[in-house]
$ cat input_18.cif   # mmCIF, C-alpha atoms
data_model
loop_
_atom_site.label_atom_id
_atom_site.label_comp_id
_atom_site.auth_asym_id
_atom_site.auth_seq_id
_atom_site.Cartn_x
_atom_site.Cartn_y
_atom_site.Cartn_z
CA MET A 1 142.32 94.19 81.99
CA GLN A 2 139.48 96.30 80.66
CA ARG A 3 137.82 98.85 82.89
CA LEU A 4 134.29 98.53 84.17
CA ASP A 5 133.02 101.84 82.96
CA TYR A 6 130.02 102.25 85.15
CA LEU A 7 129.46 105.72 86.55
CA LYS A 8 129.09 106.28 90.27
CA GLU A 9 125.80 107.56 91.63
CA THR A 10 126.01 111.24 92.56
CA PRO A 11 126.70 111.43 96.30
CA SER A 12 123.82 112.57 98.46
CA GLN A 13 123.93 115.74 100.54
CA THR A 14 121.52 116.78 103.25
CA ALA A 15 118.32 118.47 102.14
CA GLY A 16 119.10 121.05 104.84
CA PRO A 17 116.66 123.20 106.81
CA TYR A 18 115.23 124.96 103.76
CA VAL A 19 114.06 122.00 101.68
CA HIS A 20 110.54 123.44 101.66
CA ILE A 21 111.70 126.42 99.60
CA GLY A 22 112.40 124.00 96.78
CA LEU A 23 109.81 121.26 97.18
CA THR A 24 106.75 122.85 98.80
CA PRO A 25 107.13 126.61 98.32
CA ASN A 26 103.40 127.33 98.53
CA LYS A 27 103.01 125.43 101.77
CA LEU A 28 106.02 127.29 103.15
CA GLY A 29 104.39 130.62 102.35
CA ASN A 30 106.40 131.52 99.25
CA PRO A 31 103.58 131.60 96.68
CA GLY A 32 103.93 133.06 93.23
CA ILE A 33 106.31 130.67 91.54
CA TYR A 34 104.21 127.55 90.97
CA PRO A 35 100.40 127.47 90.88
CA GLU A 36 100.48 124.53 93.27
CA ASP A 37 103.00 122.29 94.99
CA LEU A 38 103.68 118.88 93.50
CA GLY A 39 102.51 115.81 95.36
CA ALA A 40 99.65 117.50 97.19
CA SER A 41 97.69 114.23 97.31
CA PRO A 42 98.29 110.61 96.27
CA ILE A 43 94.65 110.13 95.26
CA LYS A 44 91.88 111.90 93.37
CA ALA A 45 88.15 111.81 93.96
CA GLY A 46 86.76 108.41 93.07
CA ALA A 47 89.85 106.40 94.00
CA LYS A 48 88.87 102.82 94.78
CA GLY A 49 89.64 101.40 98.18
CA GLN A 50 89.38 102.27 101.83
CA LEU A 51 90.02 105.93 102.61
CA ILE A 52 92.50 106.28 105.45
CA THR A 53 94.28 109.07 107.30
CA ILE A 54 97.74 108.45 108.69
CA THR A 55 99.30 110.87 111.16
CA GLY A 56 102.63 110.82 112.89
CA ARG A 57 105.75 112.64 113.93
CA VAL A 58 109.46 112.38 113.22
CA ILE A 59 111.46 112.14 116.44
CA ASP A 60 115.24 112.40 116.86
CA GLY A 61 117.58 110.61 119.23
CA ALA A 62 117.16 113.29 121.90
CA GLY A 63 113.37 112.88 121.84
CA MET A 64 112.82 116.13 119.95
CA ILE A 65 110.04 116.33 117.39
CA LEU A 66 111.34 117.54 114.05
CA ARG A 67 109.49 120.49 112.58
CA ASP A 68 111.61 120.65 109.45
CA ALA A 69 111.13 117.05 108.27
CA LEU A 70 109.68 116.24 104.87
CA PHE A 71 108.96 112.86 103.36
CA GLU A 72 107.58 111.48 100.15
CA SER A 73 105.30 108.48 100.00
CA TRP A 74 104.73 106.06 97.15
CA GLN A 75 102.07 103.39 97.10
CA ALA A 76 100.05 101.05 94.94
CA ASP A 77 96.34 101.32 94.28
CA ALA A 78 93.79 99.17 96.11
CA ALA A 79 94.50 96.28 93.73
CA GLY A 80 98.24 96.41 94.34
CA ILE A 81 99.20 98.04 91.01
CA TYR A 82 101.55 101.02 90.88
CA PRO A 83 100.61 104.04 88.80
CA GLY A 84 103.08 104.98 86.07
CA ASN A 85 105.62 102.41 85.00
CA ASP A 86 104.32 99.21 86.57
CA PRO A 87 105.11 96.47 84.02
CA ARG A 88 101.89 94.65 84.98
CA GLY A 89 99.67 97.34 83.48
CA PRO A 90 97.67 100.43 84.32
CA ALA A 91 96.55 101.34 87.83
CA ASP A 92 93.36 102.98 89.05
CA PRO A 93 93.40 106.32 87.17
CA ASN A 94 92.35 108.10 90.36
CA VAL A 95 95.43 106.97 92.23
CA THR A 96 98.66 108.89 91.54
CA GLY A 97 100.38 107.07 94.38
CA TRP A 98 102.84 109.78 95.28
CA ALA A 99 102.70 112.50 97.91
CA ARG A 100 104.95 115.05 99.51
CA VAL A 101 104.25 115.32 103.20
CA ALA A 102 105.73 118.10 105.32
CA ALA A 103 105.56 118.08 109.09
CA ASP A 104 103.60 121.00 110.51
CA PHE A 105 106.04 123.84 111.07
CA ASP A 106 104.70 124.47 114.60
CA THR A 107 103.71 121.06 115.97
CA GLY A 108 105.80 118.67 113.87
CA VAL A 109 102.75 116.48 113.22
CA TRP A 110 102.30 115.25 109.65
CA GLN A 111 99.21 113.85 108.00
CA LEU A 112 98.71 111.71 104.91
CA ASP A 113 95.21 111.24 103.48
CA THR A 114 95.12 108.32 101.07
CA ILE A 115 93.66 104.87 100.42
CA LYS A 116 94.95 101.65 101.85
CA PRO A 117 97.11 100.03 99.16
CA GLY A 118 96.71 96.45 97.98
CA ARG A 119 99.33 93.75 98.20
CA VAL A 120 102.23 93.90 95.74
CA PRO A 121 104.37 90.90 94.78
CA PHE A 122 107.97 90.55 95.93
CA PRO A 123 110.35 89.61 93.08
CA ASP A 124 109.86 85.88 93.81
CA GLY A 125 106.08 86.15 93.54
CA ARG A 126 105.20 86.02 97.23
CA LEU A 127 102.92 88.87 98.23
CA MET A 128 104.20 91.71 100.38
CA ALA A 129 101.79 93.06 102.99
CA PRO A 130 100.03 96.36 102.22
CA HIS A 131 102.57 99.13 102.68
CA ILE A 132 103.48 102.64 101.70
CA ALA A 133 107.10 103.34 100.75
CA VAL A 134 108.60 106.39 102.45
CA TRP A 135 111.67 108.50 101.67
CA LEU A 136 112.48 110.91 104.48
CA VAL A 137 114.78 113.95 104.43
CA ALA A 138 115.64 116.78 106.83
CA ARG A 139 118.50 118.86 108.10
CA GLY A 140 121.05 116.51 109.65
CA ILE A 141 120.06 113.54 107.47
CA ASN A 142 122.92 113.04 105.04
CA VAL A 143 121.26 110.42 102.83
CA GLY A 144 117.47 110.26 102.43
CA LEU A 145 116.11 107.46 104.63
CA GLN A 146 114.01 104.68 103.08
CA THR A 147 111.37 103.10 105.24
CA ARG A 148 107.84 101.74 104.91
CA ILE A 149 104.50 102.18 106.61
CA TYR A 150 102.68 98.89 107.26
CA PHE A 151 99.34 98.48 109.06
CA ASP A 152 98.78 96.73 112.37
CA ASP A 153 95.32 95.50 111.31
CA GLU A 154 96.82 93.24 108.61
CA PRO A 155 98.36 90.59 110.88
CA ASP A 156 98.15 87.70 108.41
CA ALA A 157 99.64 89.64 105.52
CA ASN A 158 102.33 91.10 107.78
CA GLU A 159 103.19 87.65 109.05
CA ALA A 160 103.82 86.47 105.48
CA CYS A 161 105.50 89.61 104.11
CA PRO A 162 108.92 88.66 102.70
CA VAL A 163 110.29 92.10 103.55
CA LEU A 164 109.15 92.06 107.17
CA LEU A 165 110.44 88.49 107.45
CA ARG A 166 113.92 89.79 106.70
CA ILE A 167 113.99 91.80 109.92
CA GLU A 168 115.91 89.51 112.24
CA HIS A 169 115.24 91.38 115.43
CA ARG A 170 111.49 90.65 115.44
CA PRO A 171 110.39 93.30 117.95
CA ARG A 172 111.64 95.96 115.51
CA VAL A 173 108.84 95.03 113.06
CA GLN A 174 106.56 96.99 115.39
CA THR A 175 108.34 100.22 114.42
CA LEU A 176 106.92 99.87 110.89
CA LEU A 177 103.30 99.29 111.88
CA ALA A 178 100.84 102.17 111.80
CA LYS A 179 98.49 101.61 114.73
CA LYS A 180 94.82 101.65 113.90
CA GLN A 181 92.72 104.17 115.79
CA ASP A 182 89.11 104.88 114.85
CA ASP A 183 87.36 105.84 111.60
CA GLY A 184 90.13 104.74 109.29
CA ARG A 185 92.77 106.66 111.20
CA TYR A 186 96.26 105.31 111.83
CA HIS A 187 99.24 106.69 113.71
CA ILE A 188 102.95 106.03 113.29
CA ASP A 189 106.03 107.93 114.44
CA PHE A 190 109.36 107.72 112.65
CA ARG A 191 112.15 107.50 115.24
CA LEU A 192 115.51 108.37 113.75
CA GLN A 193 117.68 107.01 116.55
CA GLY A 194 117.58 105.21 119.86
CA GLU A 195 115.57 102.57 121.66
CA ASP A 196 112.61 102.33 119.28
CA GLU A 197 114.51 103.36 116.19
CA THR A 198 112.48 102.86 113.00
CA VAL A 199 113.70 100.18 110.63
CA PHE A 200 115.35 101.85 107.66
CA PHE A 201 116.12 99.92 104.50
CA ASP A 202 118.82 99.73 101.88
CA MET A 203 116.79 98.52 98.93
CA MET B 1 105.41 109.23 74.51
CA THR B 2 107.67 109.65 71.50
CA SER B 3 110.45 107.49 72.86
CA ASN B 4 111.07 103.92 71.77
CA ARG B 5 112.92 103.18 74.97
CA PRO B 6 111.60 100.24 76.90
CA VAL B 7 110.00 101.19 80.18
CA ASP B 8 112.68 101.16 82.87
CA THR B 9 111.56 98.64 85.45
CA GLY B 10 114.54 96.41 86.21
CA PRO B 11 115.97 95.91 89.69
CA LEU B 12 118.08 98.80 90.95
CA TYR B 13 121.84 98.55 91.39
CA LEU B 14 122.98 98.56 94.98
CA ARG B 15 123.84 101.91 96.48
CA ASP B 16 127.51 102.25 97.38
CA ARG B 17 127.10 103.40 100.97
CA ASP B 18 130.82 104.15 101.31
CA TRP B 19 130.60 106.61 98.44
CA HIS B 20 127.65 108.44 99.96
CA PRO B 21 128.14 110.31 103.22
CA ALA B 22 127.85 108.31 106.42
CA ALA B 23 124.74 109.00 108.50
CA TYR B 24 126.63 109.86 111.70
CA THR B 25 129.10 112.65 111.03
CA PRO B 26 130.06 114.57 114.20
CA GLY B 27 131.61 117.45 112.22
CA TYR B 28 128.06 118.22 111.07
CA LYS B 29 126.54 118.36 114.52
CA THR B 30 122.86 118.01 113.65
CA SER B 31 123.55 114.55 112.24
CA MET B 32 124.49 113.31 115.71
CA THR B 33 120.89 113.05 116.90
CA ARG B 34 119.33 112.39 113.50
CA ALA B 35 121.48 109.50 112.30
CA PRO B 36 120.09 105.98 112.68
CA PHE B 37 122.44 103.87 114.81
CA ARG B 38 121.17 100.47 113.71
CA PRO B 39 122.32 98.97 110.44
CA LEU B 40 120.03 99.43 107.46
CA VAL B 41 118.05 96.32 106.56
CA SER B 42 119.41 95.37 103.14
CA LEU B 43 117.52 93.57 100.44
CA GLY B 44 117.10 93.88 96.72
CA SER B 45 114.66 96.36 95.27
CA THR B 46 111.01 95.41 94.77
CA LEU B 47 108.29 96.92 92.59
CA SER B 48 107.85 99.52 95.36
CA GLU B 49 111.31 100.92 94.58
CA GLU B 50 111.44 100.09 90.87
CA THR B 51 108.29 102.01 89.97
CA GLY B 52 107.77 105.71 90.49
CA PRO B 53 105.55 108.62 89.55
CA ALA B 54 105.77 110.12 86.06
CA PHE B 55 105.95 113.88 85.52
CA GLY B 56 104.69 115.53 82.36
CA GLN B 57 105.72 118.65 80.51
CA SER B 58 102.25 120.05 81.17
CA MET B 59 103.19 120.45 84.84
CA ILE B 60 106.08 122.75 84.04
CA GLY B 61 105.56 126.46 83.45
CA GLU B 62 107.54 128.45 80.92
CA LEU B 63 109.61 130.33 83.51
CA ASP B 64 109.95 127.49 86.00
CA ASN B 65 113.66 127.01 85.20
CA ASN B 66 114.41 130.74 85.15
CA LEU B 67 115.02 131.78 88.75
CA ILE B 68 115.99 135.28 87.66
CA MET B 69 112.47 136.00 86.44
CA ASN B 70 110.12 133.40 87.92
CA PHE B 71 109.23 135.09 91.20
CA THR B 72 107.90 138.53 90.30
CA GLY B 73 108.68 138.87 86.62
CA GLN B 74 111.29 141.48 87.51
CA PRO B 75 114.96 140.43 87.36
CA ALA B 76 116.72 139.17 90.47
CA ILE B 77 119.93 140.85 91.59
CA GLY B 78 123.27 139.12 91.23
CA GLU B 79 125.76 137.46 88.97
CA ARG B 80 123.79 135.70 86.23
CA ILE B 81 124.70 132.06 85.62
CA ILE B 82 123.48 129.08 83.65
CA LEU B 83 123.57 125.78 85.53
CA HIS B 84 123.28 122.94 83.06
CA GLY B 85 124.18 119.31 82.61
CA ARG B 86 122.78 115.87 82.01
CA VAL B 87 121.07 113.33 84.19
CA LEU B 88 122.66 109.95 83.49
CA ASP B 89 122.26 106.53 85.01
CA GLU B 90 125.15 104.40 86.22
CA ASN B 91 125.27 102.79 82.78
CA GLY B 92 126.04 106.20 81.28
CA ARG B 93 122.70 106.55 79.53
CA GLY B 94 120.96 109.91 79.53
CA VAL B 95 117.68 109.69 81.41
CA PRO B 96 114.78 111.60 79.81
CA GLY B 97 111.78 113.04 81.61
CA VAL B 98 113.54 113.39 84.98
CA LEU B 99 112.11 116.02 87.29
CA VAL B 100 114.95 118.25 88.53
CA GLU B 101 114.06 120.75 91.25
CA ILE B 102 116.52 123.26 92.69
CA TRP B 103 116.56 125.76 95.55
CA GLN B 104 119.18 128.18 96.74
CA ALA B 105 120.09 131.34 98.64
CA ASN B 106 120.09 134.66 96.81
CA ALA B 107 123.23 136.47 95.64
CA GLY B 108 123.82 137.76 99.17
CA GLY B 109 123.56 134.32 100.77
CA ARG B 110 120.06 134.73 102.24
CA TYR B 111 117.19 132.26 101.82
CA ARG B 112 113.56 133.27 101.42
CA HIS B 113 112.60 131.51 104.64
CA LYS B 114 111.37 132.92 107.92
CA LYS B 115 113.94 130.85 109.79
CA ASP B 116 116.86 132.45 107.93
CA GLY B 117 117.98 135.42 109.99
CA TYR B 118 121.26 136.13 108.18
CA LEU B 119 121.82 139.87 107.87
CA ALA B 120 122.22 139.85 104.08
CA PRO B 121 119.15 141.46 102.48
CA LEU B 122 116.30 139.58 100.87
CA ASP B 123 116.05 140.25 97.16
CA PRO B 124 112.40 141.18 96.52
CA ASN B 125 112.61 139.61 93.06
CA PHE B 126 114.22 136.31 93.98
CA GLY B 127 112.11 133.36 95.16
CA GLY B 128 114.90 130.81 95.19
CA CYS B 129 113.42 127.76 93.52
CA GLY B 130 113.04 126.31 90.04
CA ARG B 131 112.25 123.07 88.27
CA THR B 132 112.48 121.43 84.87
CA LEU B 133 112.23 118.08 83.11
CA THR B 134 115.22 116.56 81.33
CA SER B 135 115.11 116.34 77.55
CA GLU B 136 115.15 113.15 75.49
CA SER B 137 118.95 113.05 75.93
CA GLY B 138 118.76 113.72 79.67
CA SER B 139 119.91 117.34 79.57
CA TYR B 140 118.61 120.15 81.77
CA GLU B 141 119.37 123.84 82.31
CA PHE B 142 118.55 126.61 84.73
CA LEU B 143 119.12 130.34 84.53
CA THR B 144 119.77 131.77 87.97
CA VAL B 145 122.05 133.99 90.03
CA ARG B 146 125.14 132.66 91.69
CA PRO B 147 124.17 132.01 95.32
CA GLY B 148 126.23 133.75 97.99
CA ALA B 149 128.16 131.94 100.72
CA TYR B 150 126.70 132.31 104.21
CA PRO B 151 127.51 131.53 107.84
CA TRP B 152 125.62 128.84 109.73
CA PRO B 153 125.47 127.72 113.33
CA ASN B 154 127.64 124.63 113.68
CA ARG B 155 131.14 125.39 114.89
CA VAL B 156 131.88 129.03 115.79
CA ASN B 157 132.80 130.22 112.32
CA ASP B 158 131.42 127.76 109.77
CA TRP B 159 130.36 129.00 106.35
CA ARG B 160 128.55 127.17 103.61
CA PRO B 161 130.30 127.42 100.25
CA MET B 162 128.22 128.73 97.38
CA HIS B 163 125.85 125.92 96.49
CA ILE B 164 122.57 124.97 94.88
CA HIS B 165 120.38 122.16 96.25
CA LEU B 166 119.17 119.69 93.62
CA SER B 167 116.35 117.19 94.00
CA VAL B 168 116.16 114.53 91.31
CA PHE B 169 113.42 112.04 90.58
CA GLY B 170 114.25 109.13 88.28
CA SER B 171 111.80 106.54 87.00
CA GLY B 172 111.86 104.56 90.26
CA PHE B 173 111.13 105.68 93.81
CA GLY B 174 114.34 103.98 94.95
CA GLN B 175 116.40 106.34 92.77
CA ARG B 176 115.24 109.38 94.72
CA LEU B 177 118.15 111.70 95.42
CA ILE B 178 118.84 115.09 96.95
CA THR B 179 122.30 116.57 96.59
CA GLN B 180 124.09 119.91 96.29
CA ASN B 181 126.43 121.29 93.67
CA TYR B 182 129.38 123.50 94.53
CA PHE B 183 131.30 125.88 92.28
CA GLU B 184 134.82 125.42 90.95
CA GLY B 185 137.44 127.36 92.86
CA ASP B 186 135.47 128.11 96.02
CA PRO B 187 137.89 127.95 98.99
CA LEU B 188 135.04 127.26 101.40
CA ILE B 189 134.35 123.82 99.90
CA ALA B 190 137.27 122.19 101.72
CA ARG B 191 136.24 123.84 105.01
CA CYS B 192 132.56 122.91 104.98
CA PRO B 193 131.47 120.22 107.47
CA ILE B 194 128.50 119.26 105.28
CA VAL B 195 130.76 118.70 102.28
CA GLN B 196 133.10 116.77 104.54
CA THR B 197 130.37 114.31 105.53
CA ILE B 198 131.53 112.62 102.33
CA GLY B 199 134.52 110.46 103.11
CA GLN B 200 136.26 110.28 99.74
CA GLN B 201 137.77 113.25 97.93
CA LYS B 202 136.82 111.66 94.58
CA ALA B 203 133.17 111.70 95.63
CA ILE B 204 133.42 115.34 96.75
CA ASP B 205 135.00 116.28 93.43
CA VAL B 206 131.96 115.13 91.45
CA LEU B 207 129.83 117.66 93.34
CA VAL B 208 131.96 120.56 92.12
CA ALA B 209 130.64 122.11 88.91
CA PRO B 210 133.36 123.40 86.58
CA LEU B 211 133.14 126.76 84.87
CA ASP B 212 131.96 126.11 81.30
CA MET B 213 133.00 129.00 79.07
CA ASN B 214 131.63 127.26 75.98
CA ARG B 215 128.15 127.49 77.40
CA ALA B 216 128.58 131.00 78.82
CA ILE B 217 126.85 133.78 76.91
CA PRO B 218 129.19 136.69 76.11
CA MET B 219 128.21 139.97 77.80
CA ASP B 220 125.42 138.12 79.63
CA CYS B 221 126.22 135.21 81.92
CA LEU B 222 128.75 132.56 82.93
CA ALA B 223 127.88 128.87 82.89
CA TYR B 224 128.62 125.87 85.11
CA LYS B 225 128.18 122.26 84.09
CA PHE B 226 126.85 119.74 86.58
CA ASP B 227 126.06 116.17 85.57
CA ILE B 228 123.96 114.05 87.90
CA VAL B 229 124.13 110.25 88.04
CA LEU B 230 121.12 108.23 89.20
CA ARG B 231 121.16 104.60 90.28
CA GLY B 232 121.29 102.18 87.38
CA ARG B 233 119.12 99.15 86.74
CA ARG B 234 119.71 95.55 85.91
CA GLN B 235 118.05 94.28 82.80
CA SER B 236 114.59 93.25 83.81
CA PHE B 237 113.67 89.60 83.70
CA PHE B 238 111.12 90.00 80.96
CA GLU B 239 113.42 91.77 78.54
CA ASN B 240 115.69 88.81 77.99
CA ARG B 241 113.37 85.84 78.34
CA LYS B 242 110.36 85.14 76.24
CA GLU B 243 107.10 84.77 78.07
CA GLY B 244 106.52 81.21 79.19
CA LEU B 245 110.17 80.17 79.08
#
$ encode --input "input_18.cif" --output "structure tokens"
Amino acid sequence: MQRLDYLKETPSQTAGPYVHIGLTPNKLGNPGIYPEDLGASPIKAGAKGQLITITGRVIDGAGMILRDALFESWQADAAGIYPGNDPRGPADPNVTGWARVAADFDTGVWQLDTIKPGRVPFPDGRLMAPHIAVWLVARGINVGLQTRIYFDDEPDANEACPVLLRIEHRPRVQTLLAKKQDDGRYHIDFRLQGEDETVFFDM
Amino acid sequence: MTSNRPVDTGPLYLRDRDWHPAAYTPGYKTSMTRAPFRPLVSLGSTLSEETGPAFGQSMIGELDNNLIMNFTGQPAIGERIILHGRVLDENGRGVPGVLVEIWQANAGGRYRHKKDGYLAPLDPNFGGCGRTLTSESGSYEFLTVRPGAYPWPNRVNDWRPMHIHLSVFGSGFGQRLITQNYFEGDPLIARCPIVQTIGQQKAIDVLVAPLDMNRAIPMDCLAYKFDIVLRGRRQSFFENRKEGL
């Protein structure tokens, strides 16, 4: 029999405690190498859509707030088009869609200033609810964790989202919903383990 | 864009979760409170994973992949090495335009980080990070110093083997990967609990960069070759069916 000559994906290793040296050296306090860190903001001035601020924390199974967590976010523009290589065409030029978000080294609180994304189709054409894709790394996380931020003020879209519908244990959907506060502010914690563990995906 | 390649947008191949490290690995103690206990929710990739940000050459400075010189302009101390290789996908194709970022300890095994209290000295001329974009054929290279091994608080006498952290960004957000390369012949590799989070020896072996004397520069530096494989993609629907069919 012939061999299937596919290569294997390079195995992941933890980002470790010093991931900021590599990915956000200026924010860490190691200036001088790059003029600015990549992924400082997912939007530029003039981006269409509702400006929002999302804050949160990353919490481990012992209830400790991680101060060394870093995640990246990736989102569509207000019309639901992704910047870059979206086969459907160009996105709002003032939306880059991608951000690197580091938890505050002292408090562990992170903040993402962006616009609320539009709805993006699932492969079968049904619309997914507005969401931001998240890839989370830290010391002790062996493979980067994929999750999503949804919004609790989009009940109809959430109800119909083919991804959220795949979560059998319905109460767990709540772990993906950023809770609306005031003035376009939302809050969501990522819980790595335990009772209210965040839903993580293999996608 | 000078490339004639079609834009990569097809669905991503499934990740082989048995090939990657498990999340809960008691030998690496920090994982015990940071590993999700519930199964991952599995479903095929969507546009949210198949698309991703693009990085341009204009974002990369001339010395960004030269860790010996990129911090102060004065040379870092240590054994000079070239780390080079290709970024491929699971179909064996070189992937161009991939952002590769690295970070590492200095030649003494000390990181430029306020949390690193190891007694090895900081090198005033070594920042410890670099970045580059892969070429049209998917190749990349860094000039750096060989990082030192260092002790870390896990079991009483655990040491990290010499290693460089690599962060790789393919054309889709779902390809995002952070890994580490190790160096051929290092006896600490087999003793490292972080390396051993990987269950299969074959998977560990692909993280070990061989010495590459053909790429070494005589009287200057040694070289190590490290290829990186990103998730592959299925052919996208629109590539093999005409519109309207």
$ resolve_selection --input "input_18.cif" --expression "the PyMOL selection byres ((chain A) within 7 of (chain B))" --output "JSON, numbers by chain"
{"A": [6, 7, 8, 9, 10, 11, 12, 13, 14, 15, 21, 22, 32, 33, 60, 61, 62, 82, 83, 84, 85, 86, 87, 98, 122, 123, 133, 140, 141, 142, 143, 167, 192, 193, 200, 201, 202, 203]}
$ atom_distance --input "input_18.cif" --atom1 "atom CA of B:Ala149" --atom2 "atom CA of B:Cys192"
10.9 Å
$ resolve_selection --input "input_18.cif" --expression "the PyMOL selection byres ((chain A and resi 158-160) around 12)" --output "ChimeraX atom specification"
/A:119,121-122,126-131,149-157,161-167,170,173-174,176-178
$ residues_around --input "input_18.cif" --residues "B:Gly97" --least-positions-apart "6" --cutoff "10 Å" --atoms "all atoms listed in the file" --output "short mmCIF file (atom, residue, chain, number, x, y, z; two decimals) with C-alpha atoms, in the coordinates of the input"
data_model
loop_
_atom_site.label_atom_id
_atom_site.label_comp_id
_atom_site.auth_asym_id
_atom_site.auth_seq_id
_atom_site.Cartn_x
_atom_site.Cartn_y
_atom_site.Cartn_z
CA ALA B 54 105.77 110.12 86.06
CA PHE B 55 105.95 113.88 85.52
CA GLY B 56 104.69 115.53 82.36
CA GLN B 57 105.72 118.65 80.51
CA VAL B 87 121.07 113.33 84.19
CA THR B 132 112.48 121.43 84.87
CA LEU B 133 112.23 118.08 83.11
CA THR B 134 115.22 116.56 81.33
CA SER B 135 115.11 116.34 77.55
CA GLU B 136 115.15 113.15 75.49
CA SER B 137 118.95 113.05 75.93
CA GLY B 138 118.76 113.72 79.67
CA SER B 139 119.91 117.34 79.57
CA TYR B 140 118.61 120.15 81.77
CA PHE B 169 113.42 112.04 90.58
CA GLY B 170 114.25 109.13 88.28
CA SER B 171 111.80 106.54 87.00
#
$ resolve_selection --input "input_18.cif" --expression "the PyMOL selection byres ((chain A and resi 74-81) around 7)" --output "ChimeraX atom specification"
/A:48-49,72-73,82-83,86,91-92,95,97-99,116-120,132-134
$ closest_residue --input "input_18.cif" --among "A:Asp5, A:Thr114, A:Asp68, A:Gly184" --to "A:Leu136" --atoms "only C-alpha atoms"
A:Asp68
$ atom_distance --input "input_18.cif" --atom1 "atom CA of A:Thr198" --atom2 "atom CA of B:Asn154"
26.5 Å
$ axis_aligned_box --input "input_18.cif" --around "stretch 68-74 of chain B" --padding-each-side "4 Å" --output "lines of an AutoDock Vina configuration file"
center_x = 111.9
center_y = 137.4
center_z = 88.8
size_x = 16.1
size_y = 16.1
size_z = 12.8
$ atom_distance --input "input_18.cif" --atom1 "atom CA of B:Ala76" --atom2 "atom CA of B:Leu122"
10.4 Å
$ closest_residue --input "input_18.cif" --among "B:Asp205, B:Asp158, B:Asp220, B:Glu141" --to "B:Asn65" --atoms "all atoms listed in the file"
B:Glu141
$ residues_around --input "input_18.cif" --residues "A:Asn26" --least-positions-apart "5" --cutoff "7 Å" --atoms "all atoms listed in the file" --output "list in words"
Pro31, Glu36 and Asp37 of chain A
$ decode --input "input_18.cif" --residues "stretch 222-232 of chain B" --atoms "N, CA, C and O atoms" --output "short mmCIF file (atom, residue, chain, number, x, y, z; two decimals), in the first residue's frame"
data_model
loop_
_atom_site.label_atom_id
_atom_site.label_comp_id
_atom_site.auth_asym_id
_atom_site.auth_seq_id
_atom_site.Cartn_x
_atom_site.Cartn_y
_atom_site.Cartn_z
N LEU B 222 27.77 28.25 14.21
CA LEU B 222 27.14 26.98 13.89
C LEU B 222 25.71 27.24 13.44
O LEU B 222 25.19 28.34 13.61
N ALA B 223 25.08 26.22 12.88
CA ALA B 223 23.68 26.38 12.45
C ALA B 223 22.86 25.18 12.89
O ALA B 223 23.37 24.06 13.01
N TYR B 224 21.59 25.43 13.15
CA TYR B 224 20.62 24.38 13.48
C TYR B 224 19.41 24.56 12.58
O TYR B 224 19.00 25.69 12.30
N LYS B 225 18.86 23.44 12.13
CA LYS B 225 17.74 23.50 11.19
C LYS B 225 16.46 23.07 11.91
O LYS B 225 16.41 22.00 12.53
N PHE B 226 15.44 23.90 11.83
CA PHE B 226 14.19 23.57 12.51
C PHE B 226 13.02 23.89 11.59
O PHE B 226 12.68 25.05 11.36
N ASP B 227 12.41 22.84 11.05
CA ASP B 227 11.21 23.03 10.22
C ASP B 227 9.97 23.02 11.11
O ASP B 227 9.91 22.30 12.10
N ILE B 228 9.00 23.82 10.72
CA ILE B 228 7.77 23.96 11.48
C ILE B 228 6.61 23.58 10.56
O ILE B 228 6.57 24.02 9.40
N VAL B 229 5.69 22.78 11.06
CA VAL B 229 4.54 22.36 10.25
C VAL B 229 3.26 22.95 10.83
O VAL B 229 2.94 22.73 12.00
N LEU B 230 2.55 23.71 10.01
CA LEU B 230 1.26 24.27 10.40
C LEU B 230 0.13 23.35 9.95
O LEU B 230 0.31 22.52 9.05
N ARG B 231 -1.04 23.54 10.53
CA ARG B 231 -2.21 22.77 10.08
C ARG B 231 -2.44 22.96 8.60
O ARG B 231 -2.30 24.06 8.07
N GLY B 232 -2.84 21.89 7.93
CA GLY B 232 -3.17 21.97 6.52
C GLY B 232 -4.63 22.35 6.30
O GLY B 232 -5.38 22.55 7.26
#
